[in-house]
Amino acid sequence: MKFSFTEDQRLLAETVREVLEKACPPEAVRAATRDERPGPAWRALAEVGLFGAHIAEEHGGLGLTPLDTVLAYEQTGWFAAPGPIVETAVAAPRVVAVGQLPELATGSLIVSARPAADPYLPDADLATLLVAGSALAPADGIALTPHGSVDAARRLFTAELDAAPDDPVAFDQAALATAAQLVGLGRRLREQAVGYAGQRRQFGKVIGSFQALKHQLADVAIALEFAAPLVYRAAYSLAHEAPAASRDVSAAKNAASGAAHRAARTALQVHGAIGYTDELDLQLWLNRVWALRSAWGDDGFHRARLRDALL
Amino acid sequence: MDLTFTPEQDAFRAEVRAWLADNVPAEPLPSMDTEEGFELHRQWERRLAEARLSVVSWPQEYGGRAAGLIDWLIFEEEYWASGAPGRVSQNGIFLLAPTLMAYGTEEQKARHLARMARADDVWAQAWSEPESGSDLASLRATARPDGDGWRLNGQKTWSSRAVYADWCFGLFRTDPESERHRGLTYFMLPLESEGVTVRPIAQLDGEAGFAEIFFDDVYVPGDGVLGELGQGWKVAMATTSSERGLTLRSPGRFVATAGRLLELAKESGDQTLRDAAVQAWSDAEAYRLYTFQAATRLEDGIELGADSSLMKVFWSELDLRMHELALELLGPRGPVAGRWLDGFLFALAGPIYAGTNEIQRNIIAERVLGLPR
């Protein structure tokens, strides 16, 4: 029993953090909302090999497991990196043709993917390949209908494209990576809220000294700290193809979704009116949380899977 | 990451499981807060000790098996899954013993630990006072020098199991000029000492689960002091960031409760309650995994810091939520005396004892998040 990560696993996450720190500051996410997508973050992640992480070495990838990348996905969440990263790097490798894997591994083949039961393709306007469940089609020649999205940096489209049933492993791996992103987003929001609470003064004191805010922020810390181990365990279960892997993914996604939402609500409340503006960068992370909560299985879907597994 | 156990750990688990299957009383023991129940719980502790299962993580010389933290967690999982009785000696073995091992003299350890492991001595804590609950550092009970020893005066309260226990440990002010955390000293003394009066306090369930302890010029010899004079606060708090932070409540009991809750939920047609039970199972798993993560950190030599505050809030609120839910699932059978009702009444105390959850949230905000006091 050893519940910790290897040096290599931590190093990959650290590398992703370093490149995104440069390539994905809030201005870059904001630029993505103005349609400069997927932007420099995508290129930076391609350079560190994230798009090949789940592709076998013989096809130009790194042959890593979900356990190897879960911390790296947390970082992509922390920076709210734009573009269909999970769809391209996690969902696509199991469904695209073998011949396309080398191109996929370099990040030059952008894929928009959706689970069979979810009508919306994220960032489909950037994609050269569309995936619905396990059905795929070249994006060329397929008409996309745009839909307003809570997260302007993550646009949503519908397309005339018949879905085939999900590849269950691709679905679970994508749900796990999304859960990791939600944990990262939650941690970022916590940091923002704590930072603001330590600076903003009212009644002659910093507002972070008020117990009403302290307790809300403590609850955010609790929710995040207890969601993360569920996410890590699900990564382990997927990496070891454990029989309960789907159950563990559902527990992870729901916990991450709940914790990130709590972090988002609290961060907004702590910031007050300024938090409710487009001007403050906070909205970039808030809107991403709300977008990802329903991606790769919403809470209701994962709750149903847990019920089926446990009751 | 490796979430499997070694063959030795699997064998240990099998041994514990088999022993418990053969030895756990078929009917639950009467409440340990009654005279009869207390004695039966003490006898149960002796049986555990004879099998060297009462304090598996302690050194062998004191009755343990020198088991690592993971083995201890395995023991706890099996213990609570088996429906074994609550631990009447828990204040001693989980609260005092880690401090005693860290700060006690060899004589003190030899005198107390083996007897504690066999429940020959059951210990009560003497922290809170009528005017010092959450604000423990305001405590006023005193100890003044008398020859080679000390004279204790004052009043302690909310002392769990003090009515039937043998010894107590707690903080007393040895420097009358001191304030707050300074000038306090950690004492250990027999409750039979002359001048000690224990007055039972009936709890919510009507039983004398805790007590007030009055100290009227009680003589304690010099070797009743644990750690340095005037350093009592530090001595009492020092082990919270090590093993003790982890051992206050092991995940085993919550995982066991969650399992029983799922069984109840299976019989229910109420989707809201079924979902809540599934959520509770997930939370219990989260607590278990978090604990394994913390145990791994401790084994790698990393201190826990304020993790114990995060854990305390999480388990106490989870435990209460699970019992509330069980009573709802039971419907008209909810308020009927039995295991779930007992568990509910016990769980209600969780957010209050060992530092209220409000105090724990302050600690999380200040020490984990770095917010100003």
# chains A, B, ... in the order shown; residues from 1 in each chain; ligands from 1
>>> closest_atom_pairs(of="segment 75-101 of chain B", to="segment 162-174 of chain B", cutoff="10 Å", atoms="only C-alpha atoms", output="CSV")
residue,atom,partner,partner_atom,distance
B:Val88,CA,B:Ala165,CA,9.2
B:Ser89,CA,B:Ala165,CA,9.0
B:Asn91,CA,B:Cys168,CA,9.4
B:Gly92,CA,B:Phe169,CA,8.8
B:Leu95,CA,B:Phe169,CA,9.7
B:Leu96,CA,B:Phe169,CA,7.5
>>> select_by_dssp(residues="segment 72-144 of chain B", states="strand (DSSP E)", output="VMD selection string")
chain B and resid 123 to 126 142 to 144
>>> interface_residues(of="chain B", to="chain A", cutoff="9 Å", atoms="only C-alpha atoms", output="MDAnalysis selection string")
chainID B and resid 1:6 70 262:263 265:266 274:275 278:279 281:283 285:287 289:290 292:297 310:311 313:314 358 360:366 368:373
>>> write_last_selection(atoms="C-alpha atoms", output="PDB file, in the first residue's frame")
ATOM      1  CA  MET B   1       0.977   4.053  -6.279  1.00  0.00           C
ATOM      2  CA  ASP B   2       0.219   0.550  -5.148  1.00  0.00           C
ATOM      3  CA  LEU B   3      -3.173  -0.058  -3.577  1.00  0.00           C
ATOM      4  CA  THR B   4      -2.554  -3.716  -2.831  1.00  0.00           C
ATOM      5  CA  PHE B   5      -1.409  -5.283   0.414  1.00  0.00           C
ATOM      6  CA  THR B   6       1.606  -7.510   0.968  1.00  0.00           C
ATOM      7  CA  ILE B  70      -1.041   0.297   7.196  1.00  0.00           C
ATOM      8  CA  LEU B 262     -26.176   0.504   1.702  1.00  0.00           C
ATOM      9  CA  GLU B 263     -27.883  -2.653   2.949  1.00  0.00           C
ATOM     10  CA  ALA B 265     -30.908   1.547   1.217  1.00  0.00           C
ATOM     11  CA  LYS B 266     -31.290  -1.569  -0.924  1.00  0.00           C
ATOM     12  CA  ARG B 274     -30.853   5.769  -1.978  1.00  0.00           C
ATOM     13  CA  ASP B 275     -28.764   8.443  -3.669  1.00  0.00           C
ATOM     14  CA  VAL B 278     -24.532   6.040  -2.300  1.00  0.00           C
ATOM     15  CA  GLN B 279     -23.030   9.486  -1.669  1.00  0.00           C
ATOM     16  CA  TRP B 281     -20.429   5.336   0.632  1.00  0.00           C
ATOM     17  CA  SER B 282     -18.401   7.519  -1.717  1.00  0.00           C
ATOM     18  CA  ASP B 283     -17.507   9.892   1.136  1.00  0.00           C
ATOM     19  CA  GLU B 285     -14.223   5.759   0.504  1.00  0.00           C
ATOM     20  CA  ALA B 286     -12.786   9.261   0.163  1.00  0.00           C
ATOM     21  CA  TYR B 287     -11.936   9.244   3.864  1.00  0.00           C
ATOM     22  CA  LEU B 289      -8.219   6.850   0.575  1.00  0.00           C
ATOM     23  CA  TYR B 290      -7.258  10.154   2.164  1.00  0.00           C
ATOM     24  CA  PHE B 292      -3.958   5.871   3.114  1.00  0.00           C
ATOM     25  CA  GLN B 293      -2.484   8.935   1.422  1.00  0.00           C
ATOM     26  CA  ALA B 294      -1.705  10.486   4.812  1.00  0.00           C
ATOM     27  CA  ALA B 295      -0.261   7.204   6.109  1.00  0.00           C
ATOM     28  CA  THR B 296       2.006   7.041   3.068  1.00  0.00           C
ATOM     29  CA  ARG B 297       3.212  10.560   3.777  1.00  0.00           C
ATOM     30  CA  LEU B 310      -9.583  18.440   7.874  1.00  0.00           C
ATOM     31  CA  MET B 311     -10.069  14.817   8.830  1.00  0.00           C
ATOM     32  CA  VAL B 313     -14.509  17.774  10.329  1.00  0.00           C
ATOM     33  CA  PHE B 314     -14.930  15.295   7.513  1.00  0.00           C
ATOM     34  CA  GLU B 358     -16.034  25.469  14.349  1.00  0.00           C
ATOM     35  CA  GLN B 360     -11.338  22.969  13.459  1.00  0.00           C
ATOM     36  CA  ARG B 361     -12.574  25.155  10.589  1.00  0.00           C
ATOM     37  CA  ASN B 362     -10.711  28.108  12.104  1.00  0.00           C
ATOM     38  CA  ILE B 363      -7.581  25.966  12.232  1.00  0.00           C
ATOM     39  CA  ILE B 364      -8.035  24.896   8.598  1.00  0.00           C
ATOM     40  CA  ALA B 365      -8.560  28.507   7.509  1.00  0.00           C
ATOM     41  CA  GLU B 366      -5.549  29.779   9.427  1.00  0.00           C
ATOM     42  CA  VAL B 368      -3.958  25.271   5.854  1.00  0.00           C
ATOM     43  CA  LEU B 369      -5.156  28.317   3.919  1.00  0.00           C
ATOM     44  CA  GLY B 370      -3.049  30.937   5.694  1.00  0.00           C
ATOM     45  CA  LEU B 371      -5.890  33.363   6.443  1.00  0.00           C
ATOM     46  CA  PRO B 372      -5.249  35.930   9.193  1.00  0.00           C
ATOM     47  CA  ARG B 373      -6.457  35.310  12.739  1.00  0.00           C
TER      48      ARG B 373
END
>>> residues_around(residues="segment 275-291 of chain A", least_positions_apart="2", cutoff="8 Å", atoms="only C-alpha atoms", output="list in words")
Pro26, Val29, Arg30, Ala80, Ser149, Val150, Asp151, Arg154, Leu182, Leu185, Gly186, Arg188, Leu189, Gln192, Ser257, Ala260, His261, Ala264, Ala267, Leu268, Gln269, His271, Gly272, Ala273, Arg293, Ser294 and Ala295 of chain A
>>> atom_distance(atom1="atom CA of Gly37 of chain B", atom2="atom CA of Arg13 of chain B")
28.1 Å
>>> residues_around(residues="segment 160-173 of chain A", least_positions_apart="6", cutoff="6 Å", atoms="only C-alpha atoms", output="PyMOL selection string")
chain A and resi 91+116+132-135
>>> residues_around(residues="Pro251 of chain B", least_positions_apart="4", cutoff="10 Å", atoms="only C-alpha atoms", output="PyMOL selection string")
chain B and resi 73-74+76-77+80+246-247+255-257+284-292+315
>>> residues_around(residues="Val56 of chain B", least_positions_apart="2", cutoff="9 Å", atoms="only C-alpha atoms", output="PyMOL selection string")
chain B and resi 52-54+58-60+63-68+71-72+75
>>> residues_around(residues="Ala180 of chain A", least_positions_apart="3", cutoff="9 Å", atoms="only C-alpha atoms", output="ChimeraX atom specification")
/A:70-77,175-177,183-185,228,231-232,252-253,256
>>> atom_distance(atom1="atom CA of Leu156 of chain A", atom2="atom CA of Gly52 of chain A")
24.7 Å
>>> atom_distance(atom1="atom CA of Ser308 of chain B", atom2="atom CA of Thr356 of chain B")
12.7 Å
>>> closest_residue(among="B:Leu273, B:Met237, B:Leu29, B:Ala117", to="Leu136 of chain B", atoms="only C-alpha atoms")
B:Met237
>>> select_by_dssp(residues="segment 2-182 of chain B", states="alpha helix (DSSP H)", output="ChimeraX atom specification")
/B:7-23,35-50,69-81,90,97-103,106-117
